[in-house]
Every structure is written in structure tokens, then in C-alpha cells.
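Structure below is upload.cif: mmCIF, C-alpha atoms and all ligand atoms.
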```
data_run
#
loop_
_atom_site.label_atom_id
_atom_site.label_comp_id
_atom_site.auth_asym_id
_atom_site.auth_seq_id
_atom_site.Cartn_x
_atom_site.Cartn_y
_atom_site.Cartn_z
CA MET A 1 83.54 124.60 77.66
CA GLN A 2 86.72 122.71 78.33
CA ARG A 3 86.44 123.48 82.02
CA GLU A 4 82.97 122.02 81.93
CA ARG A 5 84.19 118.89 80.17
CA ILE A 6 87.03 118.45 82.63
CA ARG A 7 84.61 118.88 85.51
CA LYS A 8 82.30 116.27 83.98
CA THR A 9 85.18 113.84 83.59
CA ASN A 10 86.19 114.42 87.21
CA ASP A 11 82.64 113.74 88.34
CA ALA A 12 82.32 110.62 86.24
CA CYS A 13 85.68 109.21 87.33
CA ARG A 14 84.90 109.85 90.97
CA PHE A 15 81.52 108.18 90.48
CA VAL A 16 83.21 105.11 88.97
CA TYR A 17 85.83 105.01 91.71
CA ASN A 18 83.23 105.11 94.46
CA TRP A 19 81.05 102.62 92.64
CA ALA A 20 84.03 100.27 92.27
CA LEU A 21 84.83 100.59 95.96
CA GLU A 22 81.30 99.73 96.94
CA THR A 23 81.04 96.86 94.45
CA LYS A 24 84.29 95.37 95.66
CA LYS A 25 83.30 95.72 99.28
CA LYS A 26 79.86 94.18 98.76
CA SER A 27 81.13 91.28 96.73
CA TYR A 28 83.72 90.53 99.39
CA GLU A 29 81.17 90.71 102.18
CA MET A 30 78.73 88.48 100.27
CA ASP A 31 80.91 85.55 99.30
CA GLY A 32 84.49 86.55 99.94
CA THR A 33 85.41 87.10 96.28
CA ASN A 34 88.03 89.69 95.58
CA LEU A 35 87.07 91.37 92.30
CA SER A 36 89.96 92.09 89.97
CA TRP A 37 90.38 95.15 87.80
CA PHE A 38 89.27 92.97 84.89
CA ASP A 39 86.02 92.04 86.70
CA LEU A 40 85.36 95.67 87.51
CA ASN A 41 85.85 96.68 83.88
CA ASN A 42 83.36 94.04 82.78
CA ARG A 43 80.77 95.41 85.17
CA LEU A 44 81.58 98.94 84.07
CA VAL A 45 79.89 98.21 80.73
CA GLU A 46 76.61 97.55 82.49
CA LEU A 47 77.04 100.57 84.73
CA LYS A 48 77.37 102.79 81.68
CA GLU A 49 74.10 101.45 80.31
CA ASN A 50 72.34 102.45 83.52
CA HIS A 51 74.06 105.83 83.81
CA PRO A 52 74.20 107.43 80.37
CA PHE A 53 76.18 110.47 81.58
CA LEU A 54 79.21 108.20 81.78
CA LYS A 55 79.10 107.83 78.01
CA ASP A 56 80.02 111.49 77.52
CA VAL A 57 83.40 110.81 79.07
CA TYR A 58 86.44 109.14 77.56
CA SER A 59 85.97 105.47 78.42
CA GLN A 60 89.62 104.76 79.20
CA SER A 61 89.60 107.43 81.89
CA LEU A 62 86.77 105.56 83.58
CA GLN A 63 88.70 102.30 83.38
CA GLN A 64 91.67 104.08 84.93
CA ALA A 65 89.46 105.22 87.80
CA ALA A 66 88.62 101.56 88.48
CA LYS A 67 92.31 100.76 88.19
CA ARG A 68 93.19 103.42 90.75
CA LEU A 69 90.84 101.76 93.19
CA HIS A 70 92.37 98.41 92.39
CA ILE A 71 95.82 99.84 93.16
CA ALA A 72 94.52 101.43 96.36
CA PHE A 73 93.51 97.94 97.49
CA GLN A 74 96.88 96.48 96.54
CA HIS A 75 98.57 99.11 98.71
CA PHE A 76 96.11 98.37 101.49
CA PHE A 77 96.91 94.65 101.41
CA ARG A 78 100.62 95.35 101.24
CA ARG A 79 100.36 97.51 104.35
CA ILE A 80 98.56 94.68 106.14
CA THR A 81 101.29 92.22 105.13
CA ASN A 82 103.89 94.64 106.39
CA GLY A 83 102.10 94.71 109.71
CA LYS A 84 101.22 98.42 109.61
CA GLU A 85 99.36 99.56 112.67
CA GLN A 86 96.77 101.40 110.58
CA PRO A 87 96.57 99.85 107.13
CA GLY A 88 94.10 102.52 105.93
CA TYR A 89 91.14 100.97 104.13
CA PRO A 90 90.44 102.76 100.81
CA LYS A 91 88.01 105.64 101.24
CA PHE A 92 85.23 107.09 99.14
CA LYS A 93 86.19 110.21 97.23
CA ARG A 94 84.33 113.39 98.05
CA ARG A 95 82.98 115.87 95.55
CA LYS A 96 84.39 118.70 97.61
CA ALA A 97 87.94 117.37 97.85
CA HIS A 98 90.39 120.15 97.05
CA ARG A 99 92.06 118.13 94.34
CA GLN A 100 90.28 116.13 91.71
CA SER A 101 92.10 114.23 89.02
CA PHE A 102 91.71 111.70 86.27
CA ASP A 103 94.05 109.82 83.94
CA VAL A 104 94.23 109.62 80.18
CA PRO A 105 96.31 106.53 79.45
CA GLN A 106 96.33 106.80 75.63
CA PHE A 107 95.53 108.89 72.58
CA PHE A 108 96.69 112.21 73.88
CA THR A 109 99.24 114.32 72.03
CA VAL A 110 101.43 117.22 73.00
CA ASP A 111 102.04 120.09 70.61
CA PHE A 112 105.16 121.86 71.89
CA VAL A 113 105.04 124.55 69.22
CA LYS A 114 101.48 125.72 69.83
CA GLY A 115 101.59 124.89 73.55
CA ARG A 116 98.67 122.55 73.48
CA VAL A 117 97.77 119.16 74.85
CA ASN A 118 95.13 117.30 72.88
CA LEU A 119 92.91 115.22 75.09
CA PRO A 120 90.27 112.82 73.80
CA LYS A 121 86.69 114.08 74.32
CA ILE A 122 88.03 117.32 75.80
CA GLY A 123 89.93 118.87 72.92
CA ALA A 124 93.11 120.89 72.49
CA VAL A 125 93.88 122.47 75.85
CA MET A 126 96.04 125.60 75.88
CA THR A 127 98.89 124.78 78.22
CA ILE A 128 102.03 126.33 79.58
CA ILE A 129 104.49 123.54 78.86
CA HIS A 130 107.31 123.70 81.36
CA ARG A 131 109.76 121.52 79.51
CA ARG A 132 110.12 119.54 76.36
CA PHE A 133 110.51 115.83 76.66
CA THR A 134 111.64 112.98 74.47
CA GLY A 135 110.67 109.35 74.84
CA THR A 136 107.35 107.55 74.99
CA PRO A 137 104.55 109.31 76.85
CA LYS A 138 102.79 106.81 79.08
CA THR A 139 100.00 108.35 81.12
CA CYS A 140 98.62 111.82 81.31
CA THR A 141 96.96 113.02 84.52
CA ILE A 142 94.73 116.07 84.69
CA VAL A 143 94.48 117.67 88.12
CA SER A 144 91.93 120.34 89.04
CA THR A 145 92.15 122.28 92.28
CA VAL A 146 89.37 123.92 94.23
CA THR A 147 90.95 127.29 93.46
CA GLY A 148 90.17 126.78 89.78
CA LYS A 149 93.61 125.80 88.55
CA PHE A 150 94.39 122.95 86.20
CA PHE A 151 97.57 120.95 85.89
CA ILE A 152 98.55 118.29 83.41
CA SER A 153 101.33 115.89 84.29
CA ILE A 154 102.66 113.37 81.83
CA ILE A 155 104.69 110.30 82.67
CA VAL A 156 107.32 109.68 80.02
CA ASP A 157 109.42 106.58 79.53
CA ASP A 158 112.84 107.87 78.50
CA GLY A 159 114.25 104.35 78.20
CA LYS A 160 117.06 105.08 80.65
CA VAL A 161 117.83 102.70 83.47
CA PRO A 162 118.25 104.14 86.97
CA PRO A 163 121.90 105.06 87.63
CA PRO A 164 123.97 102.60 89.70
CA LYS A 165 124.41 103.36 93.37
CA PRO A 166 128.03 103.83 94.40
CA GLN A 167 129.16 102.41 97.72
CA ALA A 168 128.69 105.03 100.41
CA THR A 169 131.45 105.77 102.85
CA ASP A 170 131.67 107.73 106.06
CA GLN A 171 132.83 110.81 104.14
CA THR A 172 130.16 110.72 101.47
CA SER A 173 127.12 110.09 103.62
CA VAL A 174 125.06 112.20 105.95
CA GLY A 175 122.88 111.42 108.96
CA VAL A 176 119.75 113.49 109.29
CA ASP A 177 117.53 114.02 112.30
CA VAL A 178 114.13 115.63 111.81
CA GLY A 179 112.29 117.61 114.44
CA LEU A 180 109.85 120.37 115.24
CA THR A 181 112.26 123.12 116.26
CA ASN A 182 114.73 122.41 113.51
CA TYR A 183 113.33 120.88 110.37
CA VAL A 184 116.48 118.87 109.83
CA THR A 185 119.72 118.62 111.73
CA MET A 186 122.67 117.07 109.93
CA CYS A 187 125.47 115.14 111.53
CA THR A 188 127.81 117.86 110.27
CA GLY A 189 126.18 120.20 112.77
CA GLU A 190 124.20 122.16 110.21
CA LYS A 191 120.64 122.95 111.20
CA VAL A 192 117.81 123.98 108.93
CA GLY A 193 115.03 125.75 110.81
CA ASN A 194 111.40 124.81 110.54
CA PRO A 195 109.77 127.47 108.36
CA ARG A 196 106.25 127.15 109.93
CA PHE A 197 104.36 128.44 106.94
CA LEU A 198 101.09 127.40 108.48
CA ARG A 199 101.66 129.27 111.71
CA ASN A 200 102.57 132.42 109.79
CA ALA A 201 99.35 132.23 107.83
CA LEU A 202 97.19 131.30 110.78
CA LYS A 203 95.88 134.79 111.56
CA ARG A 204 94.88 135.37 107.97
CA LEU A 205 93.26 131.94 107.79
CA GLN A 206 91.25 132.56 110.95
CA CYS A 207 90.06 135.85 109.55
CA LEU A 208 89.03 134.27 106.26
CA HIS A 209 87.27 131.44 108.08
CA HIS A 210 85.36 133.98 110.11
CA ARG A 211 84.32 135.94 107.03
CA LEU A 212 83.15 132.77 105.33
CA SER A 213 81.01 131.87 108.32
CA LYS A 214 79.20 135.24 108.08
CA LYS A 215 78.05 134.64 104.50
CA VAL A 216 74.90 132.85 103.44
CA GLN A 217 75.93 129.37 102.45
CA GLY A 218 75.76 128.80 98.71
CA SER A 219 75.51 132.51 97.88
CA ARG A 220 77.84 134.29 95.48
CA ASN A 221 79.68 136.06 98.26
CA TRP A 222 80.00 132.82 100.13
CA GLU A 223 81.56 131.23 97.07
CA LYS A 224 84.00 134.16 96.78
CA ALA A 225 84.98 133.89 100.43
CA ARG A 226 85.43 130.15 100.06
CA GLN A 227 87.77 130.69 97.11
CA ARG A 228 89.82 133.20 99.09
CA LEU A 229 90.20 130.79 101.95
CA ALA A 230 91.12 127.95 99.61
CA ARG A 231 93.78 130.11 97.94
CA CYS A 232 95.29 130.98 101.29
CA TYR A 233 95.57 127.31 102.21
CA GLU A 234 96.95 126.50 98.79
CA ARG A 235 99.70 129.03 99.31
CA VAL A 236 100.78 127.37 102.55
CA VAL A 237 100.85 123.97 100.85
CA ASN A 238 102.86 125.33 97.92
CA GLN A 239 105.36 127.14 100.13
CA ARG A 240 105.98 123.99 102.12
CA ALA A 241 106.32 121.82 99.03
CA ASP A 242 108.79 124.28 97.53
CA PHE A 243 110.88 124.31 100.69
CA GLN A 244 110.90 120.51 100.84
CA GLN A 245 111.77 120.11 97.18
CA LYS A 246 114.80 122.35 97.50
CA LEU A 247 116.00 120.79 100.73
CA SER A 248 115.59 117.20 99.54
CA THR A 249 117.35 117.94 96.25
CA ARG A 250 120.23 119.52 98.12
CA LEU A 251 120.62 116.58 100.48
CA ILE A 252 120.56 114.11 97.61
CA ARG A 253 122.98 116.10 95.45
CA GLU A 254 125.58 116.65 98.15
CA ASN A 255 125.75 113.09 99.48
CA GLN A 256 126.06 109.53 98.24
CA ALA A 257 123.96 108.15 101.05
CA ILE A 258 121.41 109.72 103.36
CA MET A 259 120.42 108.14 106.63
CA VAL A 260 117.16 109.17 108.21
CA GLU A 261 115.05 107.86 111.03
CA SER A 262 111.84 106.30 109.77
CA LEU A 263 109.10 108.19 111.51
CA ASN A 264 106.05 106.99 113.28
CA VAL A 265 103.93 109.27 111.17
CA TYR A 266 100.66 107.64 112.14
CA GLY A 267 101.43 108.28 115.76
CA LEU A 268 102.06 111.93 114.97
CA LEU A 269 98.94 112.27 112.90
CA ARG A 270 96.83 111.01 115.78
CA ASN A 271 98.33 113.68 117.97
CA ARG A 272 95.82 116.34 119.02
CA GLN A 273 98.38 119.11 118.85
CA LEU A 274 97.97 120.81 115.51
CA ALA A 275 101.67 121.51 115.03
CA LYS A 276 102.58 117.87 115.46
CA SER A 277 99.91 116.48 113.20
CA VAL A 278 100.82 118.92 110.45
CA ALA A 279 104.48 118.13 110.90
CA GLY A 280 103.65 114.44 110.62
CA ALA A 281 101.97 114.93 107.27
CA ALA A 282 104.78 117.13 106.03
CA TRP A 283 107.49 114.67 107.04
CA SER A 284 105.97 111.76 105.23
CA GLN A 285 105.90 113.95 102.12
CA PHE A 286 109.54 114.91 102.67
CA LEU A 287 110.55 111.26 103.07
CA ARG A 288 108.71 110.41 99.87
CA MET A 289 110.70 113.06 98.01
CA LEU A 290 113.97 111.71 99.39
CA ARG A 291 112.99 108.20 98.34
CA TYR A 292 112.22 108.95 94.72
CA LYS A 293 115.09 111.38 94.28
CA ALA A 294 117.50 108.78 95.63
CA GLU A 295 116.28 106.45 92.89
CA TRP A 296 116.60 109.11 90.19
CA TYR A 297 120.11 110.17 91.08
CA GLY A 298 121.49 106.76 92.07
CA LYS A 299 121.89 107.59 95.74
CA THR A 300 121.22 105.41 98.76
CA LEU A 301 118.54 106.29 101.27
CA ILE A 302 118.63 104.32 104.50
CA GLU A 303 115.74 104.49 106.88
CA VAL A 304 116.84 103.57 110.35
CA GLY A 305 114.35 101.74 112.57
CA LEU A 306 112.28 103.66 115.05
CA PHE A 307 113.46 101.80 118.09
CA ALA A 308 117.11 102.66 117.92
CA PRO A 309 118.20 104.86 120.85
CA THR A 310 119.31 107.77 118.70
CA SER A 311 118.79 110.63 121.15
CA LYS A 312 119.71 108.98 124.43
CA ARG A 313 122.90 107.40 123.19
CA CYS A 314 126.17 109.33 123.40
CA HIS A 315 127.83 109.08 119.99
CA ASN A 316 131.23 109.56 121.56
CA CYS A 317 131.33 106.65 124.01
CA GLY A 318 128.08 104.74 123.45
CA HIS A 319 126.71 105.39 126.92
CA ILE A 320 122.91 105.42 127.02
CA ASN A 321 121.53 108.20 129.16
CA MET A 322 118.12 106.99 130.32
CA ALA A 323 117.58 110.16 132.35
CA LEU A 324 117.50 112.33 129.23
CA SER A 325 114.18 114.12 128.84
CA LEU A 326 112.61 115.85 125.86
CA GLU A 327 113.45 119.27 127.27
CA ASP A 328 117.17 118.61 127.36
CA ARG A 329 118.42 120.24 124.18
CA VAL A 330 122.04 120.05 125.33
CA TRP A 331 123.46 117.48 127.73
CA ILE A 332 126.72 116.29 129.16
CA CYS A 333 127.45 112.60 128.85
CA PRO A 334 127.83 111.21 132.39
CA ALA A 335 130.26 108.56 131.15
CA CYS A 336 132.73 110.51 129.02
CA GLY A 337 131.87 114.08 129.95
CA LYS A 338 131.33 115.25 126.39
CA LEU A 339 128.96 118.15 125.78
CA LEU A 340 126.31 117.02 123.32
CA ASP A 341 123.70 118.82 121.26
CA ARG A 342 120.61 116.65 121.29
CA ASP A 343 119.82 116.83 117.56
CA ILE A 344 123.37 116.68 116.25
CA ASN A 345 124.08 113.73 118.50
CA ALA A 346 120.97 111.97 117.18
CA ALA A 347 121.99 112.68 113.57
CA LYS A 348 125.43 111.20 114.23
CA ASN A 349 123.89 108.07 115.71
CA ILE A 350 121.51 107.72 112.80
CA LYS A 351 124.42 107.96 110.40
CA MET A 352 126.37 105.31 112.27
CA ILE A 353 123.50 102.85 112.37
CA GLY A 354 122.98 103.46 108.66
CA LEU A 355 126.65 102.93 107.84
CA VAL A 356 126.79 99.72 109.82
CA SER A 357 123.82 98.42 107.85
CA ILE A 358 125.68 99.10 104.59
CA ILE A 359 128.94 97.52 105.67
CA THR A 360 127.52 94.47 107.41
CA PRO A 361 126.75 91.97 104.68
CA ARG A 362 123.18 90.83 104.95
CA GLU A 363 120.83 88.73 102.88
CA PRO A 364 119.45 90.20 99.65
CA ARG A 365 119.09 93.80 100.76
CA VAL A 366 118.77 95.87 103.85
CA GLY A 367 115.21 96.91 104.41
CA PRO A 368 113.91 99.22 107.10
CA VAL A 369 111.99 96.38 108.68
CA GLU A 370 115.04 94.25 109.15
CA LEU A 371 116.93 97.18 110.56
CA SER A 372 114.36 98.02 113.16
CA VAL A 373 114.43 94.42 114.36
CA VAL A 374 118.18 94.56 114.78
CA THR A 375 118.18 97.81 116.65
CA GLU A 376 115.22 96.94 118.81
CA ALA A 377 116.88 93.81 120.05
CA SER A 378 120.05 95.65 120.89
CA LYS A 379 118.27 98.52 122.56
CA GLN A 380 117.83 96.66 125.79
CA GLU A 381 121.26 96.78 127.32
CA THR A 382 124.66 97.37 125.81
CA PRO A 383 125.12 100.02 123.16
CA PRO A 384 124.50 98.41 119.77
CA ILE A 385 127.53 99.68 117.94
CA SER A 386 130.96 100.23 119.28
CA VAL A 387 132.51 103.50 118.22
CA GLU A 388 136.15 102.55 118.27
ZN ZN B 401 129.79 109.68 126.27
#
```
Rewrite the structure of this file - the entire thing - as C-alpha cells.
Amino acid sequence: MQRERIRKTNDACRFVYNWALETKKKSYEMDGTNLSWFDLNNRLVELKENHPFLKDVYSQSLQQAAKRLHIAFQHFFRRITNGKEQPGYPKFKRRKAHRQSFDVPQFFTVDFVKGRVNLPKIGAVMTIIHRRFTGTPKTCTIVSTVTGKFFISIIVDDGKVPPPKPQATDQTSVGVDVGLTNYVTMCTGEKVGNPRFLRNALKRLQCLHHRLSKKVQGSRNWEKARQRLARCYERVVNQRADFQQKLSTRLIRENQAIMVESLNVYGLLRNRQLAKSVAGAAWSQFLRMLRYKAEWYGKTLIEVGLFAPTSKRCHNCGHINMALSLEDRVWICPACGKLLDRDINAAKNIKMIGLVSIITPREPRVGPVELSVVTEASKQETPPISVE
């Protein structure tokens, strides 16, 4: 019963989201008006009259669906302002997406003793509550996966302000280089290998794909095979997320400041090589974790611009080795004769660029955009930062 109600709410919210996207698009194409969330909510009333099934669902969840679209557009416009190569116009949501979710912004309660979350129009849902919280619950999000699992996440305002960020020094900060062979290489010389969960599961996935293709589409056995395949994929995703959570927490805990190279993830995603496109998606997730954890724990995350010569530049003397190719994992600096490990050298350079951006007083705050401008300009001839 509850499953059915959650499914209905998912369907209704997705319907509203897609409707809102189309309405917004049409209205813009017709006379250039940009409908606000408020406008969309006004039209939602009429939509509900025409589609009675929407009335079975908690109305605030529907409004939140329209709000999500509104936010998607805000992000889209922000990306345009920031000059992103691919701003990513909001997309329609598919019924078959492997995750469906909706928000309950109000009138839900959590019963810690009985292990239940009471949701309007859905009822008291038996839940494994992972931790108790204090403070004001803000929004509750219900996620359903294609493998038939349900998750509830609740945003709570604990009234605390983010901790202050102490000034980072050379000793308390770390430079991190990310790559395909090694997931991260730190300037300290430590390397964390790339676990390649996907590649390990590839044989099994191929087999499951093959089995699915032999079944009659829509049949019971087909549905079973589809579930098995979905579970296998889910496992890969979970393994990777777990690995990234642990690694990002460790980096944040052990250092006051973390310097990373901001990645051209879009470029990687366009890459036809599977490994690279997957890595691209995984890295942006890893960066996201580092960003929010830095905020939580009062640490500084510095994203160094893409155009800095981090690999080709010798961290010892500043010489830029233009002859360095991708295959050279280890090289000897022609200027000072030092033996360099490609990734460790890059991590050291990233750290230095990051440190310089902290020390050099700049206008309000150092953003990644500003940084990339600085480093790009200096890329052309002399090494940007002197070591001595
Ligand atoms: Zn050198």
C-alpha cells in the first residue's frame, strides 16, 4: 500500500516537473517571459483540475517538484553566466530513471522510539533510523531506486554556524593530483590506487545484460533479469561512493587546506573511452564531497585552474619541460637533473599554486575562475612561481 502511494507520488511529481519544464519553455518561446515558481504554482491549480490523479498526492510535494525545476533553471543560468562550455539545459525526467524522488517540505514527523516517519498522505513508514537528530527538520526527501529500495533523508537545521577556517600553511595543507592509474596522488608522495569497481564487475554485467536480452520484454522473467542487472550496477555505484566518502573524509580530517586541480569533467564525459567517461563522472562526485566536507569541518578547498602547467613544470627549479608526453611517468628535469615522479610532481605544483593564492592578498575572495586566469596568463613563458 505504502509502496503504491510512494510510486503514485513519484509519478505525480515527475509529471508536474515535466509539465513545468514544458510550460516554462513554451512561455519563453512565445513572448520571452520567464515564469517564476510563483507563476508555476498558480497554474498548478488549473493543472490539478484537469488531471484529478494529482489530487491524491500531497499538494506541497507537487509544489516542490515545480520548485526543483525552478532551481534547475537557476543553476542553468548561473552556468551560462560563468561561461560554462556546456550549460546543460534542464531535461525531462524519465519514468524509467533508476532513482525517483520527491520532497515533503512540511508536516512530517519522526518517531525515534517506534522507528517511524509519518508522511502526509502516505502514512507512518517503518524506517531504520540511522541516527537521532536535534534541531528543526526542514525538508524530507523520499528516494526510490529501481531495485525496490526506499530511502528517506531529512535536512535538519541545527542552528550551528559553519566553523571558522584557520589560515593554512605549508605544513598543514596538501596538494592532490587525480588520475586514472592512481585515484589520487598526494604531494607527500602517497598514492591511492584507482579501485576500478566497474571493471571488476564488467564480466558479470555483460552476462546479466546478455541474459536480459534473451527474455521476452515485459515478461516476469524479464523483470527478474532486469532487477538482477540493476542490483549489480547499484553495487558498483555504492562501492565507489563508499570509497570516495572515506577518502574525502580522510583528506579533510588530516589537513587544513586541500588543493586540487579543477577538472575539465565535461571534456572527459565526452570522451568515447568508457574508462575516462566513468572517471569523469566519479571525479565530479568526489570534488563535490570535498567541497561540502570542507564547509562542514571549516577547512579550505582550493581548486587550481586547469591551465596551470602542473605536470610539465619541475617543482624543484621551475623549468617547464615541453617535451614531456603522457607516457612519461617518471622524468629527469633537463635543467636541474632531478628525478621526478609525474603525479607527485604535479601534486607539489598544485599545492604551491594553491598556497600562493592564499598568501597573495586579493580582492574579496579567491575563486577558481580568478585563479585560472592568473595561471593561464603566466603559462606562456616564465615559470609562474619562483620556488626559492
Ligand atoms: Zn628542475
Check: Given a cut-off of 12 Å, what residues near ligand ZN 401 (chain B) show up using only C-alpha atoms and all ligand atoms, put as a list of chain:residue names?
Finding: A:Lys312, A:Arg313, A:Cys314, A:His315, A:Asn316, A:Cys317, A:Gly318, A:His319, A:Ile320, A:Asn321, A:Trp331, A:Ile332, A:Cys333, A:Pro334, A:Ala335, A:Cys336, A:Gly337, A:Lys338, A:Leu339, A:Leu340, A:Asn345, A:Pro383, A:Ser386, A:Val387
Margin query: Quick one: residues within 12 Å of stretch 123-139 of chain A, all atoms listed in the file, excluding same-chain residues fewer than 3 positions away - as a ChimeraX atom specification?
Written below: /A:1-6,58,60-61,64,102-120,142,149-160
Notebook entry, point to check: Mind pulling up the distance from atom CA of A:Ala72 to atom CA of A:Pro90?
Noted result: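 Separating atom CA of A:Pro90 from atom CA of A:Ala72 is a distance of 6.2 Å.
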Check: What is the distance, in Å and to one decimal place, between atom CA of A:Val146 and atom CA of A:Ser101?
Finding: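 Separating atom CA of A:Val146 from atom CA of A:Ser101 is a distance of 11.3 Å.
Taking atom CA of A:Met352 and atom CA of A:Val192 as endpoints, the distance between them is 20.8 Å.
The shortest atom-to-atom distance to A:Phe53, with only C-alpha atoms taken into account, belongs to A:Lys8 out of A:His75, A:Lys8, A:Arg342, A:His70.
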Next item on the list: Check the smallest atom-to-atom distance from each of A:Arg329, A:Lys348, A:Arg68, A:Lys215 to A:Pro309 using only C-alpha atoms, then report the winner.
Entry: A:Lys348
Note to self: Residues within 12 Å of (123.3, 105.2, 92.2), file coordinates, counting only C-alpha atoms: what are they? Give the list as a list in words.
What the structure shows: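 Those residues lying close to the given coordinates are Val161, Pro162, Pro163, Pro164, Lys165, Pro166, Gln167, Ala168, Ile252, Arg253, Asn255, Gln256, Ala257, Tyr292, Lys293, Ala294, Glu295, Trp296, Tyr297, Gly298, Lys299, Thr300 and Leu301 of chain A.
Point (85.9, 99.1, 85.5) has the following residues at most 8 Å away: A:Val16, A:Ala20, A:Trp37, A:Phe38, A:Asp39, A:Leu40, A:Asn41, A:Asn42, A:Arg43, A:Leu44, A:Val45, A:Leu62, A:Gln63, A:Gln64, A:Ala65, A:Ala66, A:Lys67 (atoms considered: only C-alpha atoms).
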Next item on the list: Go through A:Gln245, A:Arg79, A:Gly305, A:Glu85 one by one, measure the shortest atom-to-atom distance of each to A:Leu290 using all atoms listed in the file, and give the residue with the smallest value.
Entry: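 Of all the options, A:Gln245 lies closest to A:Leu290.
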